[in-house]
Structure formats: C-alpha cells, structure tokens
Amino acid sequence: MDWTHYRFRSLWALSASPATVYEVLERAEDYPHWWPQVREVARLDDSSGNIRIRSVLPYDLRFTARETRRDPEAGVLEIAMTGDVEGWARWTITVHGDGALARYEQVVDVHKPLLRRLAVPGRPLFRANHRLMMRAGRRGLAGYLEAV
C-alpha cells in the first residue's frame, strides 16, 4: 500500500438548482468567501491558479490547479493538481430532488515532505482532517447559496 496515495469522495445535497451550484463552483477564486479552509486562490490565467488550503491540522497545502474539463451541460468541473499534492479533483453536479447533488472526487499523491514522513501514523488524522474540511465546505456553500 502506498501510504501517500489518497482517494476521496464527498456528496453534498444542496437546495439550489444544478445550474446555480455549477456557476458558484466554477468560480474558484470565490471559494475563500464561503469555504473557510480554502485560504487563498490566486489566478494565474483563465485556466489555472495557485491555491492554499488549511483545515484543522497545523499545516498548509499549496498546489497549482489547472482546469482540464469544464462542461456545463454535463455538470462537470475537473482540475489537475501539482505541488504539495499531485493528482486530480472533479465536481459533478446533477439534479437531486428539488435541488442539486454535488459529487466531489479527488485522487492525489502527497508530496509535502512533512506529510510524507508522517504518512503511516498520520493517515487516519489526515483523512479526518479532509472530512472536516469537506463538511465545512458543504455548510459554507449551502449558506452562500441561500444568501445569493
């Protein structure tokens, strides 16, 4: 087993329409307004930017995100990530009852030296840290969508 390889999946049921959720999620530079753990997004050009995140544990992850797919008809937003983590992340937005379901999938390898050194004993904490970040993101997005 590669202790520095992670696969994550989160499902967020939201009360807004899929089109509205997609429009908010495609504006990554606005994530820090509603997702507290996304500390910084600095656009490099129309399809890439530098991102800094920090959840509960005392470390930042920095990576460059490059858009690899933007498909409003299919409800898909996908990026490639390089830096402290390398891999990909994807949002898929679909109809769910009267609202939307946002499915987040991520597959990454960790390159940050501290996290690599702590890979085996820290893995349960790193996974819990990610869950807490995603929970806060869902709450933040739901609140943001209600205010819009």
# chains A, B, ... in the order shown; residues from 1 in each chain; ligands from 1
>>> residues_around(residues="region 32-41 of chain A", least_positions_apart="4", cutoff="10 Å", atoms="only C-alpha atoms", output="VMD selection string")
chain A and resid 28 48 to 56 60 to 65 132 to 145
>>> select_by_dssp(residues="chain A", states="helix (DSSP H, G or I)", output="MDAnalysis selection string")
chainID A and resid 18:25 28:34 113:117 119:147
>>> atom_distance(atom1="CA of Glu105 (chain A)", atom2="CA of Arg27 (chain A)")
17.8 Å
>>> residues_around(residues="Met1 (chain A)", least_positions_apart="5", cutoff="12 Å", atoms="only C-alpha atoms", output="list in words")
Tyr6, Ala119 and Val120 of chain A
>>> write_last_selection(atoms="N, CA, C and O atoms", output="JSON list (two decimals), in the first residue's frame")
[["chain", "number", "residue", "atom", "x", "y", "z"],
["A", 6, "TYR", "N", -4.11, 8.98, -1.88],
["A", 6, "TYR", "CA", -5.44, 9.15, -1.29],
["A", 6, "TYR", "C", -6.51, 9.24, -2.37],
["A", 6, "TYR", "O", -6.29, 9.83, -3.43],
["A", 119, "ALA", "N", 3.35, 9.74, 7.00],
["A", 119, "ALA", "CA", 2.31, 9.06, 6.21],
["A", 119, "ALA", "C", 1.64, 7.91, 6.94],
["A", 119, "ALA", "O", 0.41, 7.82, 6.96],
["A", 120, "VAL", "N", 2.39, 7.04, 7.56],
["A", 120, "VAL", "CA", 1.78, 5.87, 8.19],
["A", 120, "VAL", "C", 1.05, 6.24, 9.49],
["A", 120, "VAL", "O", -0.15, 6.00, 9.60]]
>>> residues_around(residues="Gln106 (chain A)", least_positions_apart="2", cutoff="7 Å", atoms="only C-alpha atoms", output="PyMOL selection string")
chain A and resi 7-9+88-90+104+108
>>> write_last_selection(atoms="N, CA and C atoms", output="mmCIF file, in the first residue's frame")
data_model
loop_
_atom_site.group_PDB
_atom_site.id
_atom_site.type_symbol
_atom_site.label_atom_id
_atom_site.label_comp_id
_atom_site.auth_asym_id
_atom_site.auth_seq_id
_atom_site.Cartn_x
_atom_site.Cartn_y
_atom_site.Cartn_z
ATOM 1 N N ARG A 7 -7.660 8.662 -2.052
ATOM 2 C CA ARG A 7 -8.868 8.784 -2.862
ATOM 3 C C ARG A 7 -9.953 9.301 -1.931
ATOM 4 N N PHE A 8 -10.606 10.384 -2.340
ATOM 5 C CA PHE A 8 -11.672 10.970 -1.535
ATOM 6 C C PHE A 8 -12.928 11.108 -2.380
ATOM 7 N N ARG A 9 -14.066 11.030 -1.698
ATOM 8 C CA ARG A 9 -15.352 11.254 -2.356
ATOM 9 C C ARG A 9 -16.294 11.867 -1.336
ATOM 10 N N TRP A 88 -5.761 14.761 -9.334
ATOM 11 C CA TRP A 88 -6.894 15.440 -9.938
ATOM 12 C C TRP A 88 -8.051 15.535 -8.950
ATOM 13 N N ALA A 89 -8.952 16.478 -9.246
ATOM 14 C CA ALA A 89 -10.187 16.628 -8.476
ATOM 15 C C ALA A 89 -11.302 16.968 -9.461
ATOM 16 N N ARG A 90 -12.511 16.500 -9.132
ATOM 17 C CA ARG A 90 -13.641 16.697 -10.050
ATOM 18 C C ARG A 90 -14.929 16.960 -9.265
ATOM 19 N N TYR A 104 -18.020 15.286 -5.210
ATOM 20 C CA TYR A 104 -16.614 15.678 -5.268
ATOM 21 C C TYR A 104 -15.773 14.418 -5.209
ATOM 22 N N VAL A 108 -5.151 11.827 -5.236
ATOM 23 C CA VAL A 108 -3.889 12.563 -5.144
ATOM 24 C C VAL A 108 -2.799 11.730 -4.490
#
>>> closest_residue(among="A:Gly99, A:Gly87, A:Pro72, A:Pro58", to="Trp12 (chain A)", atoms="only C-alpha atoms")
A:Gly99
>>> residues_around(residues="Asp109 (chain A)", least_positions_apart="6", cutoff="9 Å", atoms="only C-alpha atoms", output="list in words")
Asp2, Trp3, Thr4, His5, Tyr6, Asp84, Val85, Glu86 and Gly87 of chain A
>>> write_last_selection(atoms="all heavy atoms", output="compact mmCIF listing (two decimals), in the first residue's frame")
# COMPACT_ATOMS: atom_id res chain seq x y z
N ASP A 2 0.54 2.21 -0.85
CA ASP A 2 1.23 3.49 -0.87
C ASP A 2 0.51 4.42 0.10
O ASP A 2 -0.60 4.88 -0.16
CB ASP A 2 1.22 4.07 -2.29
CG ASP A 2 1.94 5.40 -2.38
OD1 ASP A 2 2.33 5.95 -1.33
OD2 ASP A 2 2.11 5.89 -3.50
N TRP A 3 1.13 4.69 1.22
CA TRP A 3 0.51 5.47 2.30
C TRP A 3 0.36 6.94 1.96
O TRP A 3 -0.29 7.68 2.70
CB TRP A 3 1.31 5.29 3.59
CG TRP A 3 1.23 3.89 4.09
CD1 TRP A 3 2.11 2.87 3.84
CD2 TRP A 3 0.21 3.33 4.90
NE1 TRP A 3 1.69 1.72 4.45
CE2 TRP A 3 0.52 1.98 5.11
CE3 TRP A 3 -0.96 3.85 5.48
CZ2 TRP A 3 -0.27 1.13 5.87
CZ3 TRP A 3 -1.75 3.00 6.23
CH2 TRP A 3 -1.41 1.66 6.42
N THR A 4 0.95 7.39 0.86
CA THR A 4 0.83 8.79 0.46
C THR A 4 -0.16 8.99 -0.69
O THR A 4 -0.27 10.07 -1.23
CB THR A 4 2.20 9.38 0.06
OG1 THR A 4 2.70 8.65 -1.07
CG2 THR A 4 3.19 9.29 1.22
N HIS A 5 -0.88 7.93 -1.03
CA HIS A 5 -1.90 7.99 -2.09
C HIS A 5 -3.27 8.03 -1.43
O HIS A 5 -3.57 7.23 -0.54
CB HIS A 5 -1.77 6.75 -3.00
CG HIS A 5 -2.75 6.75 -4.12
ND1 HIS A 5 -2.55 7.49 -5.26
CD2 HIS A 5 -3.93 6.11 -4.28
CE1 HIS A 5 -3.57 7.30 -6.08
NE2 HIS A 5 -4.42 6.46 -5.51
N TYR A 6 -4.11 8.98 -1.88
CA TYR A 6 -5.44 9.15 -1.29
C TYR A 6 -6.51 9.24 -2.37
O TYR A 6 -6.29 9.83 -3.43
CB TYR A 6 -5.51 10.44 -0.47
CG TYR A 6 -4.71 10.39 0.80
CD1 TYR A 6 -3.36 10.74 0.81
CD2 TYR A 6 -5.29 10.00 2.00
CE1 TYR A 6 -2.62 10.70 1.97
CE2 TYR A 6 -4.55 9.96 3.17
CZ TYR A 6 -3.22 10.31 3.15
OH TYR A 6 -2.49 10.26 4.30
N ASP A 84 2.18 20.41 -3.47
CA ASP A 84 2.19 19.57 -2.27
C ASP A 84 1.37 18.30 -2.47
O ASP A 84 1.61 17.28 -1.82
CB ASP A 84 1.65 20.34 -1.06
CG ASP A 84 2.61 21.40 -0.56
OD1 ASP A 84 3.80 21.34 -0.90
OD2 ASP A 84 2.16 22.29 0.18
N VAL A 85 0.36 18.38 -3.33
CA VAL A 85 -0.40 17.20 -3.75
C VAL A 85 -0.41 17.18 -5.27
O VAL A 85 -0.40 18.22 -5.92
CB VAL A 85 -1.85 17.19 -3.19
CG1 VAL A 85 -1.85 17.01 -1.70
CG2 VAL A 85 -2.60 18.44 -3.59
N GLU A 86 -0.40 15.98 -5.83
CA GLU A 86 -0.43 15.83 -7.27
C GLU A 86 -1.50 14.82 -7.63
O GLU A 86 -1.58 13.75 -7.04
CB GLU A 86 0.92 15.37 -7.80
CG GLU A 86 0.99 15.38 -9.29
CD GLU A 86 2.41 15.34 -9.81
OE1 GLU A 86 3.31 15.87 -9.14
OE2 GLU A 86 2.60 14.78 -10.89
N GLY A 87 -2.34 15.19 -8.58
CA GLY A 87 -3.42 14.31 -8.99
C GLY A 87 -4.52 15.11 -9.65
O GLY A 87 -4.25 16.04 -10.40
>>> closest_residue(among="A:Arg131, A:Arg123, A:Arg66, A:Arg43", to="Ala80 (chain A)", atoms="only C-alpha atoms")
A:Arg66
>>> closest_residue(among="A:Ala74, A:Ala42, A:Ile79, A:Val21", to="Val107 (chain A)", atoms="only C-alpha atoms")
A:Ile79
